[in-house]
$ cat protein_18.pdb   # PDB, C-alpha atoms
MODEL        1
ATOM      1  CA  MET A   1     -33.995  21.408  51.936
ATOM      2  CA  ARG A   2     -37.468  22.852  52.443
ATOM      3  CA  ALA A   3     -40.463  20.861  51.180
ATOM      4  CA  ALA A   4     -42.847  23.121  49.273
ATOM      5  CA  THR A   5     -46.140  24.517  50.553
ATOM      6  CA  TRP A   6     -48.757  26.569  48.783
ATOM      7  CA  LEU A   7     -48.704  30.356  49.092
ATOM      8  CA  THR A   8     -45.038  30.890  48.284
ATOM      9  CA  HIS A   9     -43.345  32.748  45.456
ATOM     10  CA  LEU A  10     -39.586  32.387  44.969
ATOM     11  CA  GLU A  11     -39.211  36.029  43.909
ATOM     12  CA  TYR A  12     -41.804  37.864  46.002
ATOM     13  CA  ASP A  13     -40.820  36.129  49.243
ATOM     14  CA  TRP A  14     -37.521  38.042  49.274
ATOM     15  CA  GLU A  15     -39.527  41.290  49.511
ATOM     16  CA  SER A  16     -41.961  39.887  52.044
ATOM     17  CA  PRO A  17     -42.390  41.217  55.590
ATOM     18  CA  VAL A  18     -43.774  37.732  56.329
ATOM     19  CA  TRP A  19     -41.154  35.410  54.780
ATOM     20  CA  ARG A  20     -37.988  37.495  54.318
ATOM     21  CA  HIS A  21     -36.596  36.819  57.808
ATOM     22  CA  TRP A  22     -37.036  33.075  57.257
ATOM     23  CA  LEU A  23     -34.885  33.259  54.130
ATOM     24  CA  GLU A  24     -32.239  35.537  55.585
ATOM     25  CA  GLN A  25     -31.813  34.024  59.026
ATOM     26  CA  LEU A  26     -32.018  30.387  57.988
ATOM     27  CA  GLY A  27     -29.729  31.335  55.089
ATOM     28  CA  GLU A  28     -27.164  32.648  57.571
ATOM     29  CA  ARG A  29     -26.967  29.184  59.091
ATOM     30  CA  PHE A  30     -27.350  26.865  56.111
ATOM     31  CA  THR A  31     -27.521  26.591  52.367
ATOM     32  CA  VAL A  32     -31.302  26.606  51.940
ATOM     33  CA  VAL A  33     -32.871  24.978  48.872
ATOM     34  CA  ARG A  34     -36.532  25.794  48.245
ATOM     35  CA  TYR A  35     -38.996  25.556  45.396
ATOM     36  CA  ASP A  36     -42.545  26.613  44.627
ATOM     37  CA  GLU A  37     -45.208  23.938  44.783
ATOM     38  CA  ARG A  38     -46.659  22.889  41.427
ATOM     39  CA  GLY A  39     -49.272  25.445  40.448
ATOM     40  CA  CYS A  40     -47.838  28.164  42.714
ATOM     41  CA  GLY A  41     -45.330  30.985  42.398
ATOM     42  CA  LEU A  42     -42.941  30.418  39.484
ATOM     43  CA  SER A  43     -43.950  26.776  38.947
ATOM     44  CA  ASP A  44     -45.996  25.595  35.962
ATOM     45  CA  ARG A  45     -49.770  25.802  36.280
ATOM     46  CA  ASP A  46     -50.348  22.312  34.850
ATOM     47  CA  LEU A  47     -51.143  20.375  38.027
ATOM     48  CA  GLY A  48     -51.793  16.868  36.734
ATOM     49  CA  ASP A  49     -53.123  14.433  39.307
ATOM     50  CA  LEU A  50     -52.584  15.692  42.852
ATOM     51  CA  SER A  51     -51.448  13.138  45.407
ATOM     52  CA  LEU A  52     -48.855  12.599  48.116
ATOM     53  CA  ASP A  53     -46.830  10.482  45.684
ATOM     54  CA  ARG A  54     -46.836  13.347  43.173
ATOM     55  CA  TRP A  55     -45.610  15.840  45.769
ATOM     56  CA  VAL A  56     -42.883  13.460  46.939
ATOM     57  CA  ALA A  57     -41.811  12.967  43.315
ATOM     58  CA  ASP A  58     -41.543  16.754  42.928
ATOM     59  CA  LEU A  59     -39.316  16.913  45.997
ATOM     60  CA  GLU A  60     -37.190  14.052  44.639
ATOM     61  CA  THR A  61     -36.734  15.956  41.377
ATOM     62  CA  VAL A  62     -35.562  19.118  43.148
ATOM     63  CA  VAL A  63     -33.195  17.214  45.453
ATOM     64  CA  ASP A  64     -31.605  15.415  42.510
ATOM     65  CA  ALA A  65     -31.353  18.595  40.435
ATOM     66  CA  ALA A  66     -29.633  20.363  43.347
ATOM     67  CA  GLY A  67     -27.156  17.495  43.681
ATOM     68  CA  LEU A  68     -27.938  16.887  47.344
ATOM     69  CA  GLU A  69     -26.703  13.604  48.755
ATOM     70  CA  ARG A  70     -27.498  13.887  52.461
ATOM     71  CA  PHE A  71     -29.276  16.821  54.040
ATOM     72  CA  ALA A  72     -31.616  18.113  56.726
ATOM     73  CA  LEU A  73     -35.239  18.334  55.536
ATOM     74  CA  LEU A  74     -37.670  21.039  56.705
ATOM     75  CA  GLY A  75     -41.423  20.500  56.430
ATOM     76  CA  ILE A  76     -43.674  23.462  57.245
ATOM     77  CA  SER A  77     -47.473  23.159  57.427
ATOM     78  CA  GLN A  78     -48.665  21.107  54.413
ATOM     79  CA  GLY A  79     -45.036  20.397  53.542
ATOM     80  CA  GLY A  80     -44.673  18.342  56.711
ATOM     81  CA  ALA A  81     -46.523  15.330  55.317
ATOM     82  CA  VAL A  82     -44.409  15.427  52.158
ATOM     83  CA  ALA A  83     -41.214  15.691  54.212
ATOM     84  CA  VAL A  84     -42.188  12.691  56.342
ATOM     85  CA  ALA A  85     -43.073  10.599  53.291
ATOM     86  CA  TYR A  86     -39.762  11.505  51.613
ATOM     87  CA  ALA A  87     -37.785  10.705  54.780
ATOM     88  CA  VAL A  88     -39.418   7.273  54.997
ATOM     89  CA  LYS A  89     -38.750   6.567  51.330
ATOM     90  CA  HIS A  90     -35.149   7.845  51.418
ATOM     91  CA  PRO A  91     -33.764   7.202  54.919
ATOM     92  CA  ASP A  92     -30.216   7.226  53.572
ATOM     93  CA  ARG A  93     -30.513  10.817  52.360
ATOM     94  CA  VAL A  94     -32.286  12.616  55.231
ATOM     95  CA  SER A  95     -29.872  13.319  58.080
ATOM     96  CA  HIS A  96     -32.393  15.268  60.190
ATOM     97  CA  LEU A  97     -36.106  16.002  59.891
ATOM     98  CA  VAL A  98     -37.550  19.312  61.150
ATOM     99  CA  LEU A  99     -41.329  19.809  61.201
ATOM    100  CA  TYR A 100     -43.059  23.084  62.068
ATOM    101  CA  GLY A 101     -46.824  23.723  62.147
ATOM    102  CA  ALA A 102     -47.245  20.383  60.406
ATOM    103  CA  TYR A 103     -49.790  17.583  60.545
ATOM    104  CA  ALA A 104     -50.209  13.932  59.594
ATOM    105  CA  ARG A 105     -53.935  14.167  58.856
ATOM    106  CA  GLY A 106     -55.759  16.730  56.722
ATOM    107  CA  ARG A 107     -58.911  18.337  58.104
ATOM    108  CA  LYS A 108     -61.141  15.688  56.555
ATOM    109  CA  ARG A 109     -59.119  12.822  58.029
ATOM    110  CA  ARG A 110     -59.253  13.817  61.695
ATOM    111  CA  GLY A 111     -62.612  12.259  62.522
ATOM    112  CA  ASP A 112     -64.033  15.650  63.442
ATOM    113  CA  GLU A 113     -67.238  16.730  61.683
ATOM    114  CA  PHE A 114     -66.681  20.390  62.550
ATOM    115  CA  GLU A 115     -63.202  20.375  60.980
ATOM    116  CA  ALA A 116     -64.585  18.649  57.894
ATOM    117  CA  ARG A 117     -67.209  21.384  57.559
ATOM    118  CA  GLN A 118     -64.499  24.000  57.977
ATOM    119  CA  ALA A 119     -62.565  22.352  55.155
ATOM    120  CA  ASP A 120     -65.539  22.626  52.815
ATOM    121  CA  LEU A 121     -66.149  26.232  53.828
ATOM    122  CA  LEU A 122     -62.538  27.285  53.255
ATOM    123  CA  ARG A 123     -62.543  25.692  49.822
ATOM    124  CA  SER A 124     -65.791  27.502  48.950
ATOM    125  CA  ILE A 125     -64.286  30.814  50.042
ATOM    126  CA  ILE A 126     -61.368  30.219  47.670
ATOM    127  CA  GLN A 127     -63.680  29.447  44.738
ATOM    128  CA  VAL A 128     -65.882  32.482  45.355
ATOM    129  CA  GLY A 129     -63.503  35.235  46.369
ATOM    130  CA  TRP A 130     -59.839  34.379  45.733
ATOM    131  CA  GLU A 131     -59.428  36.554  42.643
ATOM    132  CA  GLU A 132     -61.687  39.434  43.697
ATOM    133  CA  PRO A 133     -60.034  42.890  43.800
ATOM    134  CA  THR A 134     -61.191  43.328  47.388
ATOM    135  CA  PRO A 135     -59.233  41.160  49.827
ATOM    136  CA  ALA A 136     -62.277  40.427  52.016
ATOM    137  CA  PHE A 137     -62.430  36.722  51.160
ATOM    138  CA  ARG A 138     -58.653  36.222  51.130
ATOM    139  CA  ARG A 139     -58.453  37.970  54.505
ATOM    140  CA  VAL A 140     -60.045  34.848  56.043
ATOM    141  CA  PHE A 141     -56.860  32.913  55.219
ATOM    142  CA  THR A 142     -54.645  35.833  56.200
ATOM    143  CA  THR A 143     -56.295  35.947  59.619
ATOM    144  CA  LEU A 144     -55.850  32.211  60.112
ATOM    145  CA  PHE A 145     -52.187  32.373  59.105
ATOM    146  CA  LEU A 146     -51.274  35.688  60.769
ATOM    147  CA  PRO A 147     -53.801  36.670  63.463
ATOM    148  CA  ARG A 148     -51.180  38.908  65.121
ATOM    149  CA  GLY A 149     -49.725  40.293  61.915
ATOM    150  CA  SER A 150     -49.257  44.021  61.380
ATOM    151  CA  ALA A 151     -51.352  45.879  58.819
ATOM    152  CA  GLU A 152     -48.416  45.753  56.371
ATOM    153  CA  GLN A 153     -47.908  42.032  56.850
ATOM    154  CA  MET A 154     -51.581  41.205  56.450
ATOM    155  CA  GLU A 155     -51.954  43.360  53.339
ATOM    156  CA  TRP A 156     -48.903  41.728  51.814
ATOM    157  CA  PHE A 157     -50.244  38.252  52.542
ATOM    158  CA  ASP A 158     -53.634  39.207  51.062
ATOM    159  CA  GLU A 159     -51.903  40.005  47.786
ATOM    160  CA  LEU A 160     -49.542  37.021  47.886
ATOM    161  CA  GLN A 161     -52.519  34.695  47.699
ATOM    162  CA  ARG A 162     -53.710  36.245  44.462
ATOM    163  CA  ASN A 163     -50.195  36.587  43.030
ATOM    164  CA  THR A 164     -49.025  33.054  43.731
ATOM    165  CA  THR A 165     -51.840  31.069  42.106
ATOM    166  CA  THR A 166     -55.360  31.072  40.678
ATOM    167  CA  ALA A 167     -58.625  30.350  42.482
ATOM    168  CA  GLU A 168     -59.073  27.080  40.591
ATOM    169  CA  ILE A 169     -55.592  25.809  41.472
ATOM    170  CA  ALA A 170     -55.794  27.013  45.080
ATOM    171  CA  ALA A 171     -59.092  25.161  45.521
ATOM    172  CA  ARG A 172     -57.680  21.953  44.030
ATOM    173  CA  LEU A 173     -54.558  22.105  46.159
ATOM    174  CA  ARG A 174     -56.555  22.863  49.270
ATOM    175  CA  GLY A 175     -58.972  20.011  48.563
ATOM    176  CA  ALA A 176     -56.161  17.511  48.007
ATOM    177  CA  ARG A 177     -54.339  18.540  51.185
ATOM    178  CA  GLN A 178     -57.504  18.018  53.246
ATOM    179  CA  GLU A 179     -57.475  14.315  52.342
ATOM    180  CA  VAL A 180     -53.837  13.574  53.297
ATOM    181  CA  ASP A 181     -53.208  10.954  55.965
ATOM    182  CA  ILE A 182     -49.640   9.768  56.637
ATOM    183  CA  THR A 183     -50.326   8.318  60.080
ATOM    184  CA  ALA A 184     -49.112   4.881  58.992
ATOM    185  CA  LEU A 185     -45.741   6.349  57.933
ATOM    186  CA  LEU A 186     -44.872   8.020  61.232
ATOM    187  CA  PRO A 187     -43.465   4.936  63.043
ATOM    188  CA  ARG A 188     -41.231   4.277  60.041
ATOM    189  CA  VAL A 189     -39.291   7.552  60.256
ATOM    190  CA  GLN A 190     -35.628   6.795  60.982
ATOM    191  CA  ALA A 191     -34.128  10.291  60.915
ATOM    192  CA  PRO A 192     -33.707  12.259  64.152
ATOM    193  CA  THR A 193     -36.792  14.473  64.222
ATOM    194  CA  LEU A 194     -37.613  17.851  65.745
ATOM    195  CA  VAL A 195     -41.291  18.880  65.858
ATOM    196  CA  MET A 196     -42.293  22.463  66.703
ATOM    197  CA  HIS A 197     -45.780  23.928  66.933
ATOM    198  CA  ALA A 198     -47.296  27.196  68.162
ATOM    199  CA  ARG A 199     -49.702  26.545  71.030
ATOM    200  CA  ASP A 200     -52.544  28.838  69.956
ATOM    201  CA  GLU A 201     -52.357  28.872  66.190
ATOM    202  CA  GLY A 202     -55.632  28.458  64.298
ATOM    203  CA  MET A 203     -54.578  26.908  60.998
ATOM    204  CA  VAL A 204     -53.300  23.553  62.322
ATOM    205  CA  PRO A 205     -54.378  22.479  65.828
ATOM    206  CA  PHE A 206     -51.612  22.168  68.417
ATOM    207  CA  GLU A 207     -52.682  18.580  69.077
ATOM    208  CA  GLU A 208     -51.778  17.649  65.492
ATOM    209  CA  GLY A 209     -48.195  18.714  66.133
ATOM    210  CA  ARG A 210     -48.071  16.809  69.384
ATOM    211  CA  ARG A 211     -49.518  13.771  67.602
ATOM    212  CA  LEU A 212     -46.655  13.875  65.074
ATOM    213  CA  ALA A 213     -44.067  13.963  67.833
ATOM    214  CA  SER A 214     -45.699  11.153  69.809
ATOM    215  CA  GLU A 215     -45.817   8.744  66.854
ATOM    216  CA  ILE A 216     -42.425   9.437  65.254
ATOM    217  CA  PRO A 217     -39.804   7.358  67.110
ATOM    218  CA  ASP A 218     -37.748   9.425  69.588
ATOM    219  CA  ALA A 219     -38.961  12.730  68.135
ATOM    220  CA  ARG A 220     -38.235  15.874  70.129
ATOM    221  CA  PHE A 221     -41.262  18.168  70.637
ATOM    222  CA  VAL A 222     -40.866  21.902  71.247
ATOM    223  CA  PRO A 223     -44.054  23.917  71.911
ATOM    224  CA  LEU A 224     -43.800  27.566  70.930
ATOM    225  CA  GLU A 225     -45.729  30.392  72.569
ATOM    226  CA  GLY A 226     -47.789  32.177  69.931
ATOM    227  CA  CYS A 227     -50.773  32.087  67.624
ATOM    228  CA  ASN A 228     -49.311  32.799  64.172
ATOM    229  CA  HIS A 229     -49.085  29.880  61.751
ATOM    230  CA  ILE A 230     -46.174  31.643  60.024
ATOM    231  CA  LEU A 231     -43.756  32.857  62.678
ATOM    232  CA  LEU A 232     -43.047  36.586  62.449
ATOM    233  CA  GLU A 233     -39.681  38.125  63.175
ATOM    234  CA  ASP A 234     -40.796  40.294  66.100
ATOM    235  CA  GLU A 235     -42.548  37.582  68.126
ATOM    236  CA  PRO A 236     -40.784  35.610  70.898
ATOM    237  CA  ALA A 237     -41.519  32.294  69.176
ATOM    238  CA  TRP A 238     -39.188  33.164  66.266
ATOM    239  CA  PRO A 239     -35.866  33.226  68.192
ATOM    240  CA  ALA A 240     -37.092  30.176  70.140
ATOM    241  CA  PHE A 241     -37.626  28.415  66.805
ATOM    242  CA  LEU A 242     -34.105  29.318  65.641
ATOM    243  CA  ASP A 243     -32.546  28.298  68.959
ATOM    244  CA  ALA A 244     -34.262  24.899  68.760
ATOM    245  CA  ILE A 245     -32.939  24.365  65.231
ATOM    246  CA  ASP A 246     -29.442  25.467  66.246
ATOM    247  CA  ASP A 247     -29.481  23.063  69.158
ATOM    248  CA  PHE A 248     -30.908  20.207  67.081
ATOM    249  CA  LEU A 249     -28.628  20.579  64.075
ATOM    250  CA  GLY A 250     -25.609  21.950  65.905
ATOM    251  CA  SER A 251     -25.160  24.762  63.391
ATOM    252  CA  ALA A 252     -24.688  27.582  65.855
ATOM    253  CA  ALA A 253     -21.892  25.987  67.834
ATOM    254  CA  GLY A 254     -18.463  25.745  66.254
ATOM    255  CA  PRO A 255     -14.821  25.345  67.209
ATOM    256  CA  SER A 256     -13.479  28.196  69.287
ATOM    257  CA  ASP A 257      -9.767  27.746  68.783
ATOM    258  CA  GLY A 258      -9.405  30.555  66.279
ATOM    259  CA  ASP A 259      -8.987  31.482  62.633
ATOM    260  CA  LEU A 260     -10.776  29.542  59.889
ATOM    261  CA  ASP A 261     -11.983  26.872  62.292
ATOM    262  CA  GLU A 262     -14.230  29.504  63.881
ATOM    263  CA  LEU A 263     -16.143  30.159  60.648
ATOM    264  CA  THR A 264     -19.588  28.695  60.132
ATOM    265  CA  ALA A 265     -20.302  26.632  57.024
ATOM    266  CA  ARG A 266     -22.095  29.584  55.450
ATOM    267  CA  GLU A 267     -19.209  31.973  56.223
ATOM    268  CA  ARG A 268     -16.778  29.557  54.582
ATOM    269  CA  GLU A 269     -18.997  29.491  51.484
ATOM    270  CA  VAL A 270     -18.977  33.288  51.335
ATOM    271  CA  LEU A 271     -15.212  33.462  51.853
ATOM    272  CA  GLU A 272     -14.598  30.843  49.174
ATOM    273  CA  LEU A 273     -16.488  33.006  46.667
ATOM    274  CA  VAL A 274     -14.563  36.096  47.792
ATOM    275  CA  ALA A 275     -11.342  34.159  47.187
ATOM    276  CA  VAL A 276     -12.309  33.465  43.560
ATOM    277  CA  GLY A 277     -13.012  37.144  42.979
ATOM    278  CA  LEU A 278     -16.792  37.484  43.177
ATOM    279  CA  SER A 279     -18.315  40.775  44.298
ATOM    280  CA  ASN A 280     -20.849  41.004  47.144
ATOM    281  CA  GLU A 281     -23.654  41.296  44.600
ATOM    282  CA  GLN A 282     -22.459  38.194  42.734
ATOM    283  CA  ILE A 283     -22.114  36.243  45.980
ATOM    284  CA  ALA A 284     -25.624  37.251  46.999
ATOM    285  CA  GLU A 285     -26.985  36.023  43.673
ATOM    286  CA  ARG A 286     -25.017  32.767  43.805
ATOM    287  CA  LEU A 287     -26.098  31.892  47.372
ATOM    288  CA  TYR A 288     -29.622  33.353  47.134
ATOM    289  CA  LEU A 289     -28.954  35.864  49.894
ATOM    290  CA  SER A 290     -29.474  39.595  50.169
ATOM    291  CA  VAL A 291     -26.419  41.830  49.718
ATOM    292  CA  ARG A 292     -26.940  43.027  53.287
ATOM    293  CA  THR A 293     -26.699  39.451  54.560
ATOM    294  CA  VAL A 294     -23.469  38.900  52.596
ATOM    295  CA  GLU A 295     -22.027  42.066  54.133
ATOM    296  CA  ARG A 296     -22.972  40.843  57.609
ATOM    297  CA  HIS A 297     -21.253  37.516  56.942
ATOM    298  CA  LEU A 298     -18.123  39.339  55.819
ATOM    299  CA  SER A 299     -18.079  41.473  58.966
ATOM    300  CA  ASN A 300     -18.229  38.308  61.058
ATOM    301  CA  ILE A 301     -15.477  36.711  58.954
ATOM    302  CA  TYR A 302     -13.164  39.711  59.351
ATOM    303  CA  ALA A 303     -13.697  39.725  63.123
ATOM    304  CA  LYS A 304     -12.991  35.999  63.453
ATOM    305  CA  LEU A 305      -9.889  36.206  61.247
ATOM    306  CA  ARG A 306      -8.746  39.361  63.026
ATOM    307  CA  VAL A 307      -8.329  41.392  59.862
ATOM    308  CA  SER A 308      -9.557  44.949  59.380
ATOM    309  CA  GLY A 309      -9.285  48.049  57.272
ATOM    310  CA  LYS A 310      -9.281  48.431  53.505
ATOM    311  CA  ALA A 311      -7.170  45.313  53.033
ATOM    312  CA  ALA A 312      -9.456  43.062  55.097
ATOM    313  CA  ARG A 313     -11.145  41.504  52.080
ATOM    314  CA  ALA A 314      -7.857  40.628  50.374
ATOM    315  CA  ALA A 315      -6.317  39.373  53.612
ATOM    316  CA  ALA A 316      -9.279  37.119  54.371
ATOM    317  CA  ALA A 317      -9.241  35.723  50.831
ATOM    318  CA  ALA A 318      -5.525  35.050  51.027
ATOM    319  CA  ARG A 319      -5.942  33.265  54.378
ATOM    320  CA  PHE A 320      -8.584  30.998  52.820
ATOM    321  CA  ALA A 321      -6.474  30.339  49.704
ATOM    322  CA  ARG A 322      -3.664  28.964  51.863
ATOM    323  CA  THR A 323      -5.892  26.229  53.353
TER     324      THR A 323
ENDMDL
END

$ encode --input "protein_18.pdb" --output "structure tokens"
Amino acid sequence: MRAATWLTHLEYDWESPVWRHWLEQLGERFTVVRYDERGCGLSDRDLGDLSLDRWVADLETVVDAAGLERFALLGISQGGAVAVAYAVKHPDRVSHLVLYGAYARGRKRRGDEFEARQADLLRSIIQVGWEEPTPAFRRVFTTLFLPRGSAEQMEWFDELQRNTTTAEIAARLRGARQEVDITALLPRVQAPTLVMHARDEGMVPFEEGRRLASEIPDARFVPLEGCNHILLEDEPAWPAFLDAIDDFLGSAAGPSDGDLDELTAREREVLELVAVGLSNEQIAERLYLSVRTVERHLSNIYAKLRVSGKAARAAAAARFART
């Protein structure tokens, strides 16, 4: 389960050179549930009162609607505070907590006058230039999020900002996030916690990530080498991020004694849908994956089950049906 952040769009992110690898490669390991923050992407534009309690309530609604009983919770950037608050409120439901690029205190709660001035400036930039045809004002945020992004990635992120929400909503969300402070909740986290943070990123100071890890009981802290707030697929920090998650959640390692026991949880989901007659396109739609990812899963399944040729699909389905 991924707690929402601003600047996402459930549809556009699949086409994104910035977010697509997150969806595909995390989706290869787990069933990933995500949602757009209120006011952003496909969510309603009626914000209501913005508060940590409101954001936690939104997460509760999505979790219940998805029928999740116990799950790992991922909090990225602003979503980290929401994830921590949810984990404290529902310790029986969060099996593991993963925080990346997150913080306990918004810019105006860090006791730093310079950061507070930055917060006001960033909000003013949103109000003045967010919806302008030229991306000059939005490029400030793009540069903070993706200082090492390619031209394609930065242009895409420029447009995402305008496509995902309005200037008024972006300013309100940004202002509310600046005032968050969950410091008092950190010692109350019971779930095993992994905290990761890029050393040189400019959106959330590295020390804020280290602070999270030092105040959450027994949290594991993994520093990542890089400066992008959103990890890109071609940077060394991305496979390091995945390796840390695999190690923490144990998703990459599985039984090695053959046949169905060798399949990952995601591969078993794909094979189950093959067994009931769904096409690759239907499986992709059902599991929110790309068709290419489904095909890659099937190739892995066939290799592990030692089936090949034109009858591989039917043979794999029959093997699953006998279990």

$ resolve_selection --input "protein_18.pdb" --expression "the PyMOL selection byres ((chain A and resi 177-188) around 8)" --output "PyMOL selection string"
chain A and resi 52+78+81+84-85+88+104-109+119+173-176+189-190+212+215-217

$ closest_residue --input "protein_18.pdb" --among "A:Arg210, A:His90, A:Arg138, A:Arg172" --to "A:Ala191" --atoms "all atoms listed in the file"
A:His90

$ residues_around --input "protein_18.pdb" --residues "A:Leu194" --least-positions-apart "3" --cutoff "6 Å" --atoms "all atoms listed in the file" --output "ChimeraX atom specification"
/A:98,219-220

$ resolve_selection --input "protein_18.pdb" --expression "the PyMOL selection byres ((chain A and resi 6) around 12)" --output "ChimeraX atom specification"
/A:3-5,7-10,35-43,55,76-79,160-166,169-174,176-177

$ write_last_selection --input "protein_18.pdb" --atoms "C-alpha atoms" --output "short mmCIF file (atom, residue, chain, number, x, y, z; two decimals), keeping the file's coordinate frame"
data_model
loop_
_atom_site.label_atom_id
_atom_site.label_comp_id
_atom_site.auth_asym_id
_atom_site.auth_seq_id
_atom_site.Cartn_x
_atom_site.Cartn_y
_atom_site.Cartn_z
CA ALA A 3 -40.46 20.86 51.18
CA ALA A 4 -42.85 23.12 49.27
CA THR A 5 -46.14 24.52 50.55
CA LEU A 7 -48.70 30.36 49.09
CA THR A 8 -45.04 30.89 48.28
CA HIS A 9 -43.34 32.75 45.46
CA LEU A 10 -39.59 32.39 44.97
CA TYR A 35 -39.00 25.56 45.40
CA ASP A 36 -42.54 26.61 44.63
CA GLU A 37 -45.21 23.94 44.78
CA ARG A 38 -46.66 22.89 41.43
CA GLY A 39 -49.27 25.44 40.45
CA CYS A 40 -47.84 28.16 42.71
CA GLY A 41 -45.33 30.98 42.40
CA LEU A 42 -42.94 30.42 39.48
CA SER A 43 -43.95 26.78 38.95
CA TRP A 55 -45.61 15.84 45.77
CA ILE A 76 -43.67 23.46 57.24
CA SER A 77 -47.47 23.16 57.43
CA GLN A 78 -48.66 21.11 54.41
CA GLY A 79 -45.04 20.40 53.54
CA LEU A 160 -49.54 37.02 47.89
CA GLN A 161 -52.52 34.70 47.70
CA ARG A 162 -53.71 36.24 44.46
CA ASN A 163 -50.20 36.59 43.03
CA THR A 164 -49.02 33.05 43.73
CA THR A 165 -51.84 31.07 42.11
CA THR A 166 -55.36 31.07 40.68
CA ILE A 169 -55.59 25.81 41.47
CA ALA A 170 -55.79 27.01 45.08
CA ALA A 171 -59.09 25.16 45.52
CA ARG A 172 -57.68 21.95 44.03
CA LEU A 173 -54.56 22.10 46.16
CA ARG A 174 -56.56 22.86 49.27
CA ALA A 176 -56.16 17.51 48.01
CA ARG A 177 -54.34 18.54 51.18
#

$ atom_distance --input "protein_18.pdb" --atom1 "atom CA of A:His96" --atom2 "atom CA of A:Leu74"
8.6 Å

$ atom_distance --input "protein_18.pdb" --atom1 "atom CA of A:Val62" --atom2 "atom CA of A:Arg20"
21.6 Å

$ atom_distance --input "protein_18.pdb" --atom1 "atom CA of A:Asp58" --atom2 "atom CA of A:Tyr12"
21.3 Å

$ resolve_selection --input "protein_18.pdb" --expression "the PyMOL selection byres ((chain A and resi 15-18) around 9)" --output "ChimeraX atom specification"
/A:11-14,19-22,146,149,152-154,156-157,230-233

$ closest_residue --input "protein_18.pdb" --among "A:His229, A:Gly129, A:Arg199, A:Ala116" --to "A:Arg148" --atoms "only C-alpha atoms"
A:His229

$ residues_around --input "protein_18.pdb" --residues "A:Leu289" --least-positions-apart "2" --cutoff "12 Å" --atoms "all atoms listed in the file" --output "VMD selection string"
chain A and resid 11 13 to 15 20 to 33 266 269 to 270 280 to 287 291 to 297

$ closest_residue --input "protein_18.pdb" --among "A:Ser299, A:Ser51, A:Thr193, A:Ser279" --to "A:Val94" --atoms "all atoms listed in the file"
A:Thr193

$ closest_residue --input "protein_18.pdb" --among "A:Gly101, A:Glu159, A:His197, A:Glu115" --to "A:Pro133" --atoms "only C-alpha atoms"
A:Glu159

$ closest_residue --input "protein_18.pdb" --among "A:Arg45, A:Arg70, A:Lys304, A:Arg110" --to "A:Arg268" --atoms "only C-alpha atoms"
A:Lys304

$ axis_aligned_box --input "protein_18.pdb" --around "stretch 207-222 of chain A" --padding-each-side "4 Å" --output "JSON"
{"center_x": -45.2, "center_y": 14.6, "center_z": 68.2, "size_x": 22.9, "size_y": 22.5, "size_z": 14.2}

$ build_atoms --input "protein_18.pdb" --residues "stretch 55-66 of chain A" --atoms "N, CA and C atoms" --output "PDB file, keeping the file's coordinate frame"
ATOM      1  N   TRP A  55     -46.379  14.819  45.051  1.00  0.00           N
ATOM      2  CA  TRP A  55     -45.610  15.840  45.769  1.00  0.00           C
ATOM      3  C   TRP A  55     -44.236  15.310  46.178  1.00  0.00           C
ATOM      4  N   VAL A  56     -44.178  14.056  46.588  1.00  0.00           N
ATOM      5  CA  VAL A  56     -42.883  13.460  46.939  1.00  0.00           C
ATOM      6  C   VAL A  56     -41.994  13.381  45.704  1.00  0.00           C
ATOM      7  N   ALA A  57     -42.583  13.032  44.563  1.00  0.00           N
ATOM      8  CA  ALA A  57     -41.811  12.967  43.315  1.00  0.00           C
ATOM      9  C   ALA A  57     -41.249  14.343  42.951  1.00  0.00           C
ATOM     10  N   ASP A  58     -42.036  15.401  43.182  1.00  0.00           N
ATOM     11  CA  ASP A  58     -41.543  16.754  42.928  1.00  0.00           C
ATOM     12  C   ASP A  58     -40.339  17.060  43.810  1.00  0.00           C
ATOM     13  N   LEU A  59     -40.434  16.690  45.083  1.00  0.00           N
ATOM     14  CA  LEU A  59     -39.316  16.913  45.997  1.00  0.00           C
ATOM     15  C   LEU A  59     -38.098  16.110  45.557  1.00  0.00           C
ATOM     16  N   GLU A  60     -38.293  14.874  45.136  1.00  0.00           N
ATOM     17  CA  GLU A  60     -37.190  14.052  44.639  1.00  0.00           C
ATOM     18  C   GLU A  60     -36.500  14.720  43.455  1.00  0.00           C
ATOM     19  N   THR A  61     -37.280  15.296  42.566  1.00  0.00           N
ATOM     20  CA  THR A  61     -36.734  15.956  41.377  1.00  0.00           C
ATOM     21  C   THR A  61     -35.859  17.135  41.773  1.00  0.00           C
ATOM     22  N   VAL A  62     -36.328  17.945  42.720  1.00  0.00           N
ATOM     23  CA  VAL A  62     -35.562  19.118  43.148  1.00  0.00           C
ATOM     24  C   VAL A  62     -34.276  18.686  43.857  1.00  0.00           C
ATOM     25  N   VAL A  63     -34.380  17.702  44.733  1.00  0.00           N
ATOM     26  CA  VAL A  63     -33.195  17.214  45.453  1.00  0.00           C
ATOM     27  C   VAL A  63     -32.141  16.725  44.469  1.00  0.00           C
ATOM     28  N   ASP A  64     -32.559  15.947  43.487  1.00  0.00           N
ATOM     29  CA  ASP A  64     -31.605  15.415  42.510  1.00  0.00           C
ATOM     30  C   ASP A  64     -31.003  16.529  41.657  1.00  0.00           C
ATOM     31  N   ALA A  65     -31.846  17.483  41.262  1.00  0.00           N
ATOM     32  CA  ALA A  65     -31.353  18.595  40.435  1.00  0.00           C
ATOM     33  C   ALA A  65     -30.349  19.448  41.202  1.00  0.00           C
ATOM     34  N   ALA A  66     -30.545  19.568  42.518  1.00  0.00           N
ATOM     35  CA  ALA A  66     -29.633  20.363  43.347  1.00  0.00           C
ATOM     36  C   ALA A  66     -28.365  19.593  43.708  1.00  0.00           C
TER      37      ALA A  66
END
